[in-house]
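J.: Below is a structure I'd like to ask you about.
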Amino acid sequence: MKRILINLLLMILAFAIQNGIFPLLPFLSASPNLLLILTFSFGFIYGKLPGMLYGLFAGILLDLFYSGPFGFYTLLFINIGYFNGICTDYYYEDYITLPLFLSIANELVYNAYIYLFRFLIRSRMDLLYYTKEIIIPEVIFTMVTTLVIYRFFLSANRRLEELENRRD
């Protein structure tokens, strides 16, 4: 129960930083998607069902604070949590290559989803501009941020497991 509360607080903190602080930094042309990083990390470390639940929470946060049809982000984040939960079988804590690969793949899926359902449907077909100005900077920032956040999240997860094992 303690782990769930701490993870939910991490999600709320990541949401606040992503939407409240990063837009105010003038030197960032794009910002890392912290909710995406945490959602795929939860799915990757804990499995399909926890990944889907954390994806549900992250998607609802985004749906509540952005306009558009409710469930737009929720559907995407639930699927991201589920498909990254499949990779739990290949989970090995010390390797960073698979989480980096998943970070890049998830960011590309996220941006393709946004482009398809937010821009292409409204006949804004300048994919080259969208790729150059939005997708590539976001993928790079998210990948670099994943190196830091994933390690922090992994060490926090180990500490929580140690605390749980001491109690048992």
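So you can find residues: chains in the structure tokens are A, B, ... in the order shown, residues in each start at 1, and ligands are numbered from 1 in order.
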Need to verify the contact set: A:Leu8, 12 Å, only C-alpha atoms, exclusion of same-chain residues closer than 6 positions in sequence. Can you return it as a PyMOL selection string?

T.: chain A and resi 1-2+14-15+35+38-39+42+50+53-58+61

J.: Include all heavy atoms and write out the residues we just selected as a CSV table (one decimal), in the first residue's frame.

T.:
```csv
chain,number,residue,atom,x,y,z
A,1,MET,N,0.8,-1.2,0.0
A,1,MET,CA,0.0,0.0,0.0
A,1,MET,C,0.9,1.3,0.0
A,1,MET,O,0.6,2.2,-0.7
A,1,MET,CB,-0.9,0.0,1.2
A,1,MET,CG,-1.9,1.1,1.3
A,1,MET,SD,-3.0,0.9,-0.1
A,1,MET,CE,-4.1,2.3,0.3
A,2,LYS,N,2.0,1.2,0.8
A,2,LYS,CA,2.9,2.3,0.8
A,2,LYS,C,3.5,2.6,-0.5
A,2,LYS,O,3.7,3.7,-0.9
A,2,LYS,CB,3.9,2.1,1.9
A,2,LYS,CG,4.8,3.2,2.2
A,2,LYS,CD,5.8,2.8,3.3
A,2,LYS,CE,6.6,4.0,3.7
A,2,LYS,NZ,7.5,3.7,4.8
A,14,ALA,N,5.3,14.4,-11.2
A,14,ALA,CA,5.8,14.4,-12.6
A,14,ALA,C,4.8,15.2,-13.4
A,14,ALA,O,5.2,16.0,-14.3
A,14,ALA,CB,5.9,13.0,-13.1
A,15,PHE,N,3.5,15.0,-13.2
A,15,PHE,CA,2.5,15.8,-13.9
A,15,PHE,C,2.7,17.3,-13.6
A,15,PHE,O,2.6,18.1,-14.6
A,15,PHE,CB,1.1,15.3,-13.6
A,15,PHE,CG,0.0,16.1,-14.2
A,15,PHE,CD1,-0.3,15.9,-15.5
A,15,PHE,CD2,-0.7,17.1,-13.5
A,15,PHE,CE1,-1.3,16.7,-16.2
A,15,PHE,CE2,-1.6,17.9,-14.1
A,15,PHE,CZ,-2.0,17.6,-15.4
A,35,LEU,N,5.4,11.8,-17.6
A,35,LEU,CA,4.3,10.8,-17.3
A,35,LEU,C,4.5,9.5,-18.2
A,35,LEU,O,4.3,8.4,-17.8
A,35,LEU,CB,2.9,11.4,-17.6
A,35,LEU,CG,2.5,12.4,-16.5
A,35,LEU,CD1,1.1,13.0,-16.9
A,35,LEU,CD2,2.4,11.7,-15.2
A,38,LEU,N,7.4,7.5,-16.6
A,38,LEU,CA,6.9,6.8,-15.4
A,38,LEU,C,5.9,5.6,-15.7
A,38,LEU,O,6.0,4.5,-15.2
A,38,LEU,CB,6.3,7.7,-14.4
A,38,LEU,CG,7.3,8.6,-13.6
A,38,LEU,CD1,6.5,9.5,-12.7
A,38,LEU,CD2,8.3,7.8,-12.9
A,39,THR,N,5.1,5.9,-16.7
A,39,THR,CA,4.1,4.8,-17.1
A,39,THR,C,4.8,3.6,-17.7
A,39,THR,O,4.5,2.5,-17.3
A,39,THR,CB,3.1,5.4,-18.1
A,39,THR,OG1,2.4,6.5,-17.5
A,39,THR,CG2,2.1,4.3,-18.5
A,42,PHE,N,6.7,1.8,-14.8
A,42,PHE,CA,5.8,1.0,-13.9
A,42,PHE,C,5.5,-0.3,-14.6
A,42,PHE,O,5.5,-1.3,-14.1
A,42,PHE,CB,4.6,1.8,-13.6
A,42,PHE,CG,4.8,2.9,-12.6
A,42,PHE,CD1,4.2,4.1,-12.9
A,42,PHE,CD2,5.5,2.8,-11.5
A,42,PHE,CE1,4.3,5.2,-12.0
A,42,PHE,CE2,5.7,3.8,-10.6
A,42,PHE,CZ,5.1,5.0,-10.9
A,50,PRO,N,-0.3,-3.6,-13.2
A,50,PRO,CA,0.1,-2.4,-12.6
A,50,PRO,C,0.5,-1.3,-13.7
A,50,PRO,O,0.2,-0.1,-13.5
A,50,PRO,CB,1.4,-2.7,-11.8
A,50,PRO,CG,1.3,-4.2,-11.5
A,50,PRO,CD,0.6,-4.7,-12.7
A,53,LEU,N,-2.8,0.1,-14.8
A,53,LEU,CA,-3.4,1.0,-13.7
A,53,LEU,C,-2.7,2.3,-13.6
A,53,LEU,O,-3.4,3.3,-13.5
A,53,LEU,CB,-3.4,0.2,-12.4
A,53,LEU,CG,-4.3,-1.0,-12.3
A,53,LEU,CD1,-4.1,-1.7,-10.9
A,53,LEU,CD2,-5.7,-0.6,-12.4
A,54,TYR,N,-1.4,2.3,-13.7
A,54,TYR,CA,-0.7,3.6,-13.7
A,54,TYR,C,-0.9,4.4,-15.0
A,54,TYR,O,-1.0,5.6,-14.9
A,54,TYR,CB,0.8,3.4,-13.4
A,54,TYR,CG,1.1,3.0,-12.0
A,54,TYR,CD1,1.6,1.7,-11.7
A,54,TYR,CD2,0.9,3.8,-10.9
A,54,TYR,CE1,1.9,1.3,-10.4
A,54,TYR,CE2,1.1,3.4,-9.6
A,54,TYR,CZ,1.6,2.2,-9.4
A,54,TYR,OH,1.9,1.8,-8.1
A,55,GLY,N,-1.0,3.6,-16.1
A,55,GLY,CA,-1.4,4.3,-17.3
A,55,GLY,C,-2.8,4.9,-17.3
A,55,GLY,O,-3.0,6.0,-17.8
A,56,LEU,N,-3.7,4.2,-16.6
A,56,LEU,CA,-5.0,4.8,-16.4
A,56,LEU,C,-5.0,6.1,-15.6
A,56,LEU,O,-5.6,7.1,-16.0
A,56,LEU,CB,-5.9,3.8,-15.7
A,56,LEU,CG,-7.3,4.2,-15.3
A,56,LEU,CD1,-8.2,4.4,-16.6
A,56,LEU,CD2,-8.0,3.3,-14.4
A,57,PHE,N,-4.2,6.1,-14.5
A,57,PHE,CA,-4.1,7.3,-13.7
A,57,PHE,C,-3.4,8.4,-14.5
A,57,PHE,O,-3.9,9.6,-14.4
A,57,PHE,CB,-3.3,6.9,-12.4
A,57,PHE,CG,-3.2,8.1,-11.5
A,57,PHE,CD1,-4.3,8.5,-10.8
A,57,PHE,CD2,-2.0,8.7,-11.3
A,57,PHE,CE1,-4.3,9.5,-9.9
A,57,PHE,CE2,-1.9,9.8,-10.4
A,57,PHE,CZ,-3.1,10.2,-9.7
A,58,ALA,N,-2.3,8.1,-15.2
A,58,ALA,CA,-1.6,9.2,-15.9
A,58,ALA,C,-2.6,9.7,-17.1
A,58,ALA,O,-2.6,10.9,-17.3
A,58,ALA,CB,-0.4,8.6,-16.5
A,61,LEU,N,-5.2,12.0,-15.6
A,61,LEU,CA,-4.6,13.3,-15.2
A,61,LEU,C,-4.5,14.2,-16.5
A,61,LEU,O,-4.9,15.3,-16.4
A,61,LEU,CB,-3.2,13.1,-14.7
A,61,LEU,CG,-3.1,12.9,-13.2
A,61,LEU,CD1,-1.7,12.6,-12.8
A,61,LEU,CD2,-3.6,14.1,-12.4
```

J.: What is the distance between atom CA of A:Asn79 and atom CA of A:Asp126, in Å to one decimal?

T.: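 So the two atoms, atom CA of A:Asn79 and atom CA of A:Asp126, lie 26.7 Å apart.
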
J.: Given the choices A:Thr88, A:Ser67, A:Ser29, A:Thr142, which gets closest to A:Ala105 if the distance is worked out from only C-alpha atoms?

T.: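 Residue with the minimum atom-to-atom distance to A:Ala105: A:Thr142.
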
J.: One decimal, Å: what's the distance from atom CA of A:Gln18 over to atom CA of A:Glu138, could you say?

T.: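 Between atom CA of A:Gln18 and atom CA of A:Glu138 the gap is 12.4 Å.
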
J.: Using only C-alpha atoms, which protein or nucleic acid residues come within 6 Å of stretch 75-78 of chain A? Drop anything in the same chain fewer than 3 positions from it, and give the result as a list in words.

T.: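 The neighbour list is Met52, Gly55, Leu56, Gly59, Gly71, Phe72 and Gly81 of chain A.
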
J.: Interatomic distance between atom CA of A:Lys48 and atom CA of A:Arg159?

T.: 22.0 Å

J.: Please identify all polymer residues within 12 Å of A:Ile6, counting only C-alpha atoms, omitting same-chain residues fewer than 2 positions from it, and present them as a list in words.

T.: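 Selected residues are Met1, Lys2, Arg3, Ile4, Leu8, Leu9, Leu10, Met11, Ile12, Leu13, Phe153, Ala156, Asn157, Arg159 and Leu160 of chain A.
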
J.: Between A:Met125, A:Leu163, A:Pro99, A:Ile86, which one has atoms that come closest to A:Tyr46, using only C-alpha atoms?

T.: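 Among the listed residues, A:Ile86 lies closest to A:Tyr46.
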